[in-house]
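S.K.: My structure is in upload_10.txt, and what it holds is compact mmCIF, C-alpha atoms and all ligand atoms:
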# COMPACT_ATOMS: atom_id res chain seq x y z
CA MET A 26 82.77 118.18 83.00
CA LYS A 27 80.98 119.76 85.90
CA THR A 28 77.59 118.08 86.17
CA THR A 29 75.61 120.93 87.74
CA ASN A 30 74.31 124.25 86.42
CA ASN A 31 74.47 123.35 82.76
CA THR A 32 71.82 123.85 80.11
CA ILE A 33 71.51 120.57 78.24
CA LEU A 34 69.72 119.44 75.07
CA ILE A 35 68.99 115.70 74.99
CA THR A 36 67.69 114.42 71.65
CA GLY A 37 65.15 111.64 72.13
CA GLY A 38 64.91 112.49 75.82
CA ALA A 39 61.26 111.53 76.38
CA THR A 40 61.91 107.81 76.89
CA GLY A 41 64.55 105.25 77.81
CA ILE A 42 68.16 106.31 78.39
CA GLY A 43 67.46 109.94 77.39
CA LEU A 44 64.67 110.29 79.96
CA GLU A 45 66.87 108.83 82.70
CA LEU A 46 69.69 111.21 81.81
CA ALA A 47 67.14 114.05 81.95
CA LYS A 48 65.91 112.94 85.41
CA GLN A 49 69.38 112.63 86.87
CA PHE A 50 70.69 115.86 85.34
CA ILE A 51 67.63 117.78 86.60
CA ALA A 52 68.20 116.29 90.06
CA GLN A 53 71.71 117.80 89.89
CA ASN A 54 70.36 121.28 89.19
CA ASN A 55 70.74 121.41 85.42
CA THR A 56 68.27 122.90 82.95
CA VAL A 57 67.22 120.18 80.51
CA ILE A 58 65.59 120.48 77.10
CA ILE A 59 64.43 117.32 75.34
CA CYS A 60 63.07 116.66 71.88
CA GLY A 61 61.24 113.82 70.17
CA ARG A 62 58.63 113.10 67.51
CA ARG A 63 55.76 111.89 69.70
CA GLU A 64 53.85 114.65 71.47
CA GLU A 65 52.31 112.20 73.99
CA LYS A 66 55.72 110.94 75.09
CA LEU A 67 56.97 114.52 75.55
CA SER A 68 53.87 115.30 77.67
CA GLU A 69 54.30 112.15 79.77
CA ALA A 70 57.93 113.11 80.44
CA LYS A 71 56.88 116.64 81.41
CA LYS A 72 54.34 115.20 83.87
CA ILE A 73 57.12 113.25 85.59
CA LEU A 74 59.56 116.19 85.42
CA PRO A 75 57.66 119.51 85.53
CA ASN A 76 60.88 121.53 85.03
CA LEU A 77 61.67 119.76 81.79
CA ILE A 78 61.56 121.85 78.60
CA THR A 79 60.12 119.92 75.65
CA LYS A 80 60.24 120.56 71.94
CA LYS A 81 58.60 118.45 69.28
CA CYS A 82 61.17 117.77 66.59
CA ASN A 83 61.96 115.07 64.09
CA ILE A 84 65.75 115.20 63.96
CA SER A 85 65.89 113.29 60.68
CA ASP A 86 64.60 116.48 59.02
CA LEU A 87 67.26 119.10 58.27
CA LYS A 88 64.90 122.07 58.63
CA GLN A 89 63.53 120.79 61.96
CA ARG A 90 67.10 120.38 63.25
CA GLN A 91 67.83 123.99 62.34
CA ASP A 92 64.57 125.06 64.09
CA LEU A 93 65.53 123.06 67.17
CA PHE A 94 68.92 124.77 67.28
CA ASN A 95 67.31 128.23 66.90
CA PHE A 96 64.75 127.41 69.62
CA CYS A 97 67.56 126.43 71.99
CA ILE A 98 69.87 129.40 71.48
CA ASP A 99 67.04 131.98 71.27
CA ASN A 100 65.33 130.82 74.48
CA TYR A 101 68.23 129.26 76.39
CA PRO A 102 71.36 131.16 75.34
CA ASN A 103 73.36 129.53 78.14
CA ILE A 104 72.99 126.14 76.50
CA ASN A 105 76.36 124.40 76.76
CA VAL A 106 75.73 120.64 76.44
CA LEU A 107 74.41 118.61 73.50
CA ILE A 108 73.56 114.94 74.06
CA ASN A 109 73.13 113.09 70.76
CA ASN A 110 70.96 110.31 72.16
CA ALA A 111 67.99 109.76 69.80
CA GLY A 112 68.24 106.57 67.81
CA ILE A 113 66.32 103.80 66.10
CA GLN A 114 67.25 100.19 65.36
CA ARG A 115 65.98 97.99 62.54
CA GLU A 116 66.54 94.44 61.39
CA ILE A 117 67.49 94.50 57.71
CA ASN A 118 68.17 91.41 55.59
CA PHE A 119 70.06 92.26 52.40
CA LEU A 120 69.72 88.67 51.22
CA LYS A 121 65.96 89.22 50.96
CA GLY A 122 66.63 92.25 48.79
CA GLU A 123 65.41 94.72 51.40
CA GLN A 124 66.21 98.06 49.84
CA ASN A 125 63.85 100.31 51.74
CA TYR A 126 66.40 101.18 54.38
CA LEU A 127 66.54 104.83 53.33
CA ASN A 128 62.76 105.33 53.16
CA GLY A 129 61.24 107.83 55.57
CA ASP A 130 62.84 107.97 58.99
CA ASN A 131 65.93 105.87 58.74
CA GLU A 132 68.90 104.90 60.84
CA VAL A 133 71.44 106.85 58.80
CA SER A 134 69.61 110.16 59.09
CA ILE A 135 68.61 109.74 62.76
CA ASN A 136 71.60 107.91 64.25
CA LEU A 137 74.25 109.73 62.22
CA ASP A 138 73.32 112.72 60.02
CA ALA A 139 71.45 114.38 62.87
CA CYS A 140 74.46 113.97 65.22
CA PHE A 141 76.84 115.44 62.65
CA HIS A 142 74.54 118.35 61.81
CA LEU A 143 73.55 119.27 65.39
CA THR A 144 77.22 119.07 66.40
CA ALA A 145 78.18 121.42 63.55
CA LEU A 146 75.36 123.83 64.46
CA PHE A 147 76.19 123.99 68.16
CA ILE A 148 80.01 124.22 68.04
CA PRO A 149 80.22 127.98 67.19
CA HIS A 150 77.79 128.72 70.06
CA PHE A 151 79.58 126.39 72.47
CA LEU A 152 82.94 128.03 71.71
CA LYS A 153 81.54 131.21 73.31
CA GLN A 154 80.58 129.41 76.55
CA ARG A 155 82.94 128.98 79.47
CA GLU A 156 82.65 125.17 79.37
CA ALA A 157 80.76 123.00 76.92
CA SER A 158 80.31 119.32 76.08
CA ILE A 159 79.07 117.10 73.29
CA ILE A 160 77.99 113.66 74.48
CA ASN A 161 77.31 110.94 71.90
CA VAL A 162 75.36 107.80 72.78
CA SER A 163 76.75 105.00 70.61
CA SER A 164 76.48 101.28 71.39
CA GLY A 165 78.48 98.13 72.08
CA LEU A 166 77.20 97.08 68.64
CA GLY A 167 79.45 99.79 67.20
CA LEU A 168 82.40 97.74 68.48
CA VAL A 169 81.08 94.32 67.41
CA PRO A 170 78.14 94.26 64.98
CA LEU A 171 74.85 92.45 65.51
CA ILE A 172 74.60 91.02 62.02
CA ILE A 173 70.79 91.15 61.81
CA THR A 174 70.95 94.95 62.40
CA PRO A 175 73.74 95.79 59.92
CA ILE A 176 72.95 99.46 59.33
CA TYR A 177 72.29 100.20 63.01
CA SER A 178 75.63 98.59 63.93
CA ALA A 179 77.40 100.52 61.15
CA THR A 180 75.92 103.86 62.30
CA LYS A 181 77.13 103.21 65.84
CA ALA A 182 80.63 102.23 64.61
CA ALA A 183 80.66 105.50 62.65
CA LEU A 184 79.50 107.48 65.68
CA HIS A 185 82.34 105.91 67.70
CA SER A 186 84.85 106.92 65.03
CA PHE A 187 83.34 110.41 64.77
CA SER A 188 83.59 110.86 68.55
CA ILE A 189 87.33 110.08 68.45
CA SER A 190 87.98 112.56 65.61
CA LEU A 191 85.82 115.28 67.13
CA ARG A 192 87.53 114.90 70.52
CA LYS A 193 90.92 115.42 68.87
CA GLN A 194 89.75 118.35 66.73
CA LEU A 195 88.34 120.13 69.80
CA LEU A 196 91.20 119.22 72.13
CA GLU A 197 92.55 122.76 72.48
CA THR A 198 89.09 124.29 73.01
CA ASN A 199 86.59 124.60 75.86
CA ILE A 200 84.44 121.80 74.34
CA GLN A 201 84.81 118.28 75.69
CA VAL A 202 83.60 115.25 73.76
CA PHE A 203 82.20 112.19 75.55
CA GLU A 204 80.91 108.89 74.21
CA ILE A 205 78.55 106.68 76.20
CA ILE A 206 78.74 103.06 74.97
CA PRO A 207 75.80 101.09 76.45
CA PRO A 208 75.23 97.32 76.37
CA ILE A 209 71.66 95.94 75.93
CA VAL A 210 69.38 98.24 77.88
CA ASP A 211 65.77 97.55 78.89
CA THR A 212 64.05 100.24 76.80
CA ASP A 213 61.60 100.39 73.90
CA LEU A 214 64.37 100.51 71.29
CA ASP A 215 63.26 97.93 68.73
CA ARG A 216 61.27 96.16 71.47
CA GLY A 217 58.87 94.66 68.88
CA ALA A 218 61.69 92.98 66.97
CA ARG A 219 63.37 91.83 70.18
CA ASP A 220 60.14 90.19 71.36
CA LYS A 221 59.55 88.62 67.94
CA ARG A 222 62.97 87.00 67.89
CA GLY A 223 62.42 85.74 71.47
CA GLN A 224 65.25 87.75 73.01
CA THR A 225 65.01 86.98 76.73
CA ASP A 226 67.92 89.21 77.81
CA LYS A 227 66.19 92.54 78.41
CA GLY A 228 69.43 94.17 79.50
CA ILE A 229 70.33 96.57 82.29
CA SER A 230 68.13 99.48 83.35
CA ALA A 231 68.31 102.91 81.74
CA GLU A 232 68.67 104.27 85.27
CA LYS A 233 71.93 102.35 85.73
CA VAL A 234 73.24 103.56 82.36
CA ALA A 235 72.52 107.19 83.25
CA LYS A 236 74.06 106.86 86.72
CA GLU A 237 77.29 105.23 85.45
CA SER A 238 77.50 107.74 82.59
CA ILE A 239 77.09 110.85 84.73
CA GLU A 240 79.60 109.56 87.24
CA ALA A 241 82.17 108.94 84.48
CA ILE A 242 81.43 112.32 82.87
CA SER A 243 81.98 114.06 86.19
CA ASN A 244 85.41 112.37 86.34
CA ASN A 245 86.26 113.44 82.77
CA LYS A 246 86.31 109.87 81.45
CA PHE A 247 85.68 110.57 77.81
CA GLU A 248 85.00 107.09 76.45
CA ILE A 249 82.45 105.42 78.70
CA PRO A 250 81.80 101.70 78.19
CA ILE A 251 78.87 100.71 80.39
CA GLY A 252 78.58 97.34 82.20
CA ILE A 253 79.55 94.37 80.03
CA VAL A 254 80.81 96.66 77.23
CA LYS A 255 83.97 97.04 79.32
CA VAL A 256 84.67 93.34 78.62
CA LEU A 257 83.49 93.59 75.01
CA ARG A 258 85.79 96.51 74.30
CA ILE A 259 88.93 94.68 75.38
CA GLY A 260 87.84 91.17 74.37
CA SER A 261 86.89 92.16 70.83
CA ARG A 262 90.39 93.55 70.26
CA ILE A 263 92.09 90.40 71.54
CA SER A 264 89.73 87.89 69.93
CA PRO A 265 87.44 89.57 67.35
CA LYS A 266 86.08 86.31 65.88
CA LEU A 267 85.11 84.92 69.28
CA PHE A 268 83.28 88.11 70.28
CA LEU A 269 81.50 88.33 66.92
CA LYS A 270 80.25 84.82 67.61
CA ILE A 271 79.21 85.62 71.18
CA ILE A 272 77.24 88.74 70.17
CA ASN A 273 75.47 86.84 67.39
CA LYS A 274 75.15 83.47 69.12
CA LYS A 275 71.34 83.41 69.26
CA SER A 276 70.92 84.29 65.59
CA ARG A 277 71.53 82.18 62.48
CA PHE A 278 74.81 84.07 62.06
CA GLY A 279 76.20 82.72 65.31
CA ASN A 280 78.55 80.11 63.79
N1 LIG B 1 68.33 100.01 74.38
C1 LIG B 1 69.51 99.47 74.07
O1 LIG B 1 69.72 98.26 74.18
C2 LIG B 1 70.64 100.37 73.61
C3 LIG B 1 71.94 99.85 73.60
C4 LIG B 1 72.98 100.66 73.17
C5 LIG B 1 72.73 101.93 72.72
N2 LIG B 1 71.45 102.41 72.73
C6 LIG B 1 71.24 103.77 72.22
O2 LIG B 1 70.66 104.58 73.20
C7 LIG B 1 69.95 105.66 72.59
C8 LIG B 1 68.60 105.79 73.26
O3 LIG B 1 67.82 104.64 72.97
P1 LIG B 1 66.89 103.93 74.07
O4 LIG B 1 67.42 102.58 74.28
O5 LIG B 1 66.70 104.82 75.23
O6 LIG B 1 65.54 103.72 73.25
P2 LIG B 1 64.19 104.58 73.19
O7 LIG B 1 63.52 104.58 74.50
O8 LIG B 1 63.45 104.05 72.01
O9 LIG B 1 64.72 106.05 72.92
C9 LIG B 1 64.96 106.56 71.65
C10 LIG B 1 64.38 107.98 71.63
O10 LIG B 1 64.76 108.57 70.39
C11 LIG B 1 63.67 109.32 69.92
N3 LIG B 1 63.76 109.42 68.48
C12 LIG B 1 63.84 108.41 67.57
N4 LIG B 1 63.84 108.91 66.34
C13 LIG B 1 63.77 110.26 66.46
C14 LIG B 1 63.71 111.32 65.54
N5 LIG B 1 63.71 111.10 64.22
N6 LIG B 1 63.63 112.59 66.00
C15 LIG B 1 63.60 112.84 67.34
N7 LIG B 1 63.65 111.86 68.27
C16 LIG B 1 63.72 110.59 67.82
C17 LIG B 1 62.43 108.52 70.35
O11 LIG B 1 61.28 109.35 70.48
P3 LIG B 1 60.17 109.47 69.33
O12 LIG B 1 59.96 108.09 68.78
O13 LIG B 1 58.98 110.05 70.00
O14 LIG B 1 60.75 110.40 68.31
C18 LIG B 1 62.86 107.99 71.71
O15 LIG B 1 62.46 108.87 72.73
C19 LIG B 1 69.87 105.31 71.09
O16 LIG B 1 70.82 106.05 70.37
C20 LIG B 1 70.25 103.84 71.07
O17 LIG B 1 70.82 103.46 69.83
C21 LIG B 1 70.42 101.68 73.19
Rewrite the coordinates I just gave you, this time as structure tokens.
M.R.:
Amino acid sequence: MKTTNNTILITGGATGIGLELAKQFIAQNNTVIICGRREEKLSEAKKILPNLITKKCNISDLKQRQDLFNFCIDNYPNINVLINNAGIQREINFLKGEQNYLNGDNEVSINLDACFHLTALFIPHFLKQREASIINVSSGLGLVPLIITPIYSATKAALHSFSISLRKQLLETNIQVFEIIPPIVDTDLDRGARDKRGQTDKGISAEKVAKESIEAISNNKFEIPIGIVKVLRIGSRISPKLFLKIINKKSRFGN
């Protein structure tokens, strides 16, 4: 994919990996639209990047997704890149009978439904562009689950699978499908829970993730394992039990 002169929507682009992608894509002369739920985070991002276009949107809501799509194509008809980046992560213990996983904003609607729906909305528009791309941000935990975040890990495994199918379905078209697979990244994703469980490994910077991703995208590498995920991807195929243990070693499921 050419990485200049695109018009790009990044869901959840006001913080973390999304914000870094926004910064680096703007630096390469792209028009970038971001969305998120928190107005103050959108404003902070706009202060850092005055050219950024922001739109308040909760992507777990079907109507708001449709409005976001309409906003993009009505105001920025050249839009040709969708980055499905927004995500949340929760610890859920089924043994404790936690059944509230589908209440309110939840991982299935944000990490998955929204990606499927936005993809379906944008494809007809993208088919009319000269070049277009859909870029999904999954996770190393989609390859090997973190057992204390079972639904999060399952949504990322599903997004990985979806990316493979979508890439094949769109193979003969002008739309390319990329998947960024980050390791632990130092962002606010589930920071509270990470701190509570005493996780000392804060991970690599979002800046590094964005840089490696854009470089790979520019070289048409469609599946993009970042940092240590390169090892995880191969290792988990050769020795799945060992890598399940390694990923979960600090939790009570590590044995
Ligand atoms: N950090 C890691 O270790 C790591 C590792 C692998 C993969 N990832 C993936 O990377 C992506 C970005 O996460 P991050 O690490 O950069 O964390 P982050 O800073 O928390 O970013 C997530 C963004 O998603 C937005 N978001 C969440 N729910 C939303 C909703 N319903 N509607 C619209 N926006 C929503 C958040 O904004 P609002 O709260 O304002 O809506 C936030 O800006 C996620 O898909 C995550 O799963 C992260």
S.K.: Can you check which parts of chain A lie within 6 Å of ligand LIG 1 (chain B)? Per residue, the shortest pair of atoms and distance in Å to one decimal, counting only C-alpha atoms and all ligand atoms, sorted by chain and number, as CSV.
M.R.:
residue,atom,partner,partner_atom,distance
A:Thr36,CA,B:LIG1,N7,5.9
A:Gly37,CA,B:LIG1,C11,3.5
A:Gly38,CA,B:LIG1,O15,5.4
A:Ala39,CA,B:LIG1,O15,4.7
A:Thr40,CA,B:LIG1,O15,4.3
A:Gly41,CA,B:LIG1,O5,3.4
A:Ile42,CA,B:LIG1,O5,3.8
A:Gly43,CA,B:LIG1,O5,5.6
A:Cys60,CA,B:LIG1,C15,6.0
A:Gly61,CA,B:LIG1,N7,3.6
A:Arg62,CA,B:LIG1,O14,3.5
A:Arg63,CA,B:LIG1,O13,3.7
A:Cys82,CA,B:LIG1,C15,5.5
A:Asn83,CA,B:LIG1,N6,3.5
A:Ile84,CA,B:LIG1,N6,3.9
A:Ser85,CA,B:LIG1,N5,4.7
A:Asn110,CA,B:LIG1,O16,4.6
A:Ala111,CA,B:LIG1,O10,3.5
A:Gly112,CA,B:LIG1,O16,3.7
A:Ile113,CA,B:LIG1,C12,5.4
A:Ile135,CA,B:LIG1,N5,5.3
A:Val162,CA,B:LIG1,O16,5.4
A:Ser163,CA,B:LIG1,C5,5.5
A:Ser164,CA,B:LIG1,C4,4.0
A:Pro207,CA,B:LIG1,C4,4.3
A:Pro208,CA,B:LIG1,C3,5.0
A:Ile209,CA,B:LIG1,O1,3.5
A:Val210,CA,B:LIG1,O1,3.7
A:Asp211,CA,B:LIG1,N1,5.7
A:Thr212,CA,B:LIG1,O4,4.8
A:Asp213,CA,B:LIG1,O8,4.5
A:Leu214,CA,B:LIG1,O8,3.7
S.K.: Would you kindly return, as a list in words, each protein, DNA or RNA residue with an atom no farther than 7 Å from any atom of Phe247 (chain A), considering all atoms listed in the file and excluding same-chain residues fewer than 4 positions away?
M.R.: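 With the cut-off at 7 Å, the set is Val202, Phe203, Glu204 and Ile242 of chain A.
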S.K.: Pick out the closest residue to Leu87 (chain A) from this set: A:Met26, A:Leu196, A:Leu146, A:Ile159. Count only C-alpha atoms.
M.R.: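 The closest residue to Leu87 (chain A) is A:Leu146.
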S.K.: Taking into account all atoms listed in the file, which residue in the set A:Asn103, A:Gln114, A:Gln91, A:Asn125 is nearest to Thr144 (chain A)?
M.R.: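 Closest residue, counting all atoms listed in the file: A:Gln91.
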S.K.: Which residues are close to Gln201 (chain A), i.e. within 7 Å by only C-alpha atoms, leaving aside same-chain residues fewer than 4 positions away? Reply as a list in words.
M.R.: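 Those residues are Ala157, Ser158, Ile159 and Arg192 of chain A.
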S.K.: Mind giving me the straight-line distance from CA of Asn136 (chain A) to CA of Asn244 (chain A) in Å, one decimal?
M.R.: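 Calculated distance between CA of Asn136 (chain A) and CA of Asn244 (chain A) is 26.4 Å.
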S.K.: So what do you get for CA of Asn105 (chain A) versus CA of Ala52 (chain A), distance-wise?
M.R.: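 Calculated distance between CA of Asn105 (chain A) and CA of Ala52 (chain A) is 17.6 Å.
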S.K.: Which residue gives the smallest distance to Cys140 (chain A) among A:Leu67, A:Ala241, A:Ile35, A:Leu195, with all atoms listed in the file counted?
M.R.: A:Ile35
S.K.: Excluding Thr32 (chain A) and residues on its chain fewer than 5 positions from it, collect all residues at most 12 Å away from it, counting all atoms listed in the file, and give them as a VMD selection string.
M.R.: chain A and resid 27 47 50 to 51 53 to 59 77 to 78 97 to 98 100 to 108 151 154 156 to 158
S.K.: Can you write out the residues you just picked, keeping C-alpha atoms, as a short mmCIF file (atom, residue, chain, number, x, y, z; two decimals), in the coordinates of the input?
M.R.:
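The result, stored in part_25.cif:
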data_model
loop_
_atom_site.label_atom_id
_atom_site.label_comp_id
_atom_site.auth_asym_id
_atom_site.auth_seq_id
_atom_site.Cartn_x
_atom_site.Cartn_y
_atom_site.Cartn_z
CA LYS A 27 80.98 119.76 85.90
CA ALA A 47 67.14 114.05 81.95
CA PHE A 50 70.69 115.86 85.34
CA ILE A 51 67.63 117.78 86.60
CA GLN A 53 71.71 117.80 89.89
CA ASN A 54 70.36 121.28 89.19
CA ASN A 55 70.74 121.41 85.42
CA THR A 56 68.27 122.90 82.95
CA VAL A 57 67.22 120.18 80.51
CA ILE A 58 65.59 120.48 77.10
CA ILE A 59 64.43 117.32 75.34
CA LEU A 77 61.67 119.76 81.79
CA ILE A 78 61.56 121.85 78.60
CA CYS A 97 67.56 126.43 71.99
CA ILE A 98 69.87 129.40 71.48
CA ASN A 100 65.33 130.82 74.48
CA TYR A 101 68.23 129.26 76.39
CA PRO A 102 71.36 131.16 75.34
CA ASN A 103 73.36 129.53 78.14
CA ILE A 104 72.99 126.14 76.50
CA ASN A 105 76.36 124.40 76.76
CA VAL A 106 75.73 120.64 76.44
CA LEU A 107 74.41 118.61 73.50
CA ILE A 108 73.56 114.94 74.06
CA PHE A 151 79.58 126.39 72.47
CA GLN A 154 80.58 129.41 76.55
CA GLU A 156 82.65 125.17 79.37
CA ALA A 157 80.76 123.00 76.92
CA SER A 158 80.31 119.32 76.08
#
S.K.: For Ile172 (chain A), which residue among A:Ala145, A:Ile249, A:Ile117, A:Ile160 is the nearest when counting all atoms listed in the file?
M.R.: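 Of the candidates, the smallest distance to Ile172 (chain A) is held by A:Ile117.
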S.K.: Could you check which of A:Pro175, A:Pro149, A:Pro75, A:Gly122 is closest to Phe94 (chain A), using all atoms listed in the file?
M.R.: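 Under the stated criterion, the closest residue is A:Pro149.
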S.K.: Using all atoms listed in the file for the distances, tell me which of A:Thr29, A:Tyr126, A:Asn131, A:Glu248 is nearest to Ile189 (chain A).
M.R.: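 Closest to Ile189 (chain A), using all atoms listed in the file: A:Glu248.
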S.K.: Calculate how many Å separate CA of Thr180 (chain A) from CA of Leu137 (chain A), rounding to one decimal.
M.R.: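 Straight-line distance from CA of Thr180 (chain A) to CA of Leu137 (chain A) works out to 6.1 Å.
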S.K.: Which residues are close to Glu232 (chain A), i.e. within 8 Å by only C-alpha atoms, leaving aside same-chain residues fewer than 4 positions away? Reply as a list in words.
M.R.: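 What passes the distance filter is Ile42, Glu45, Leu46 and Lys236 of chain A.
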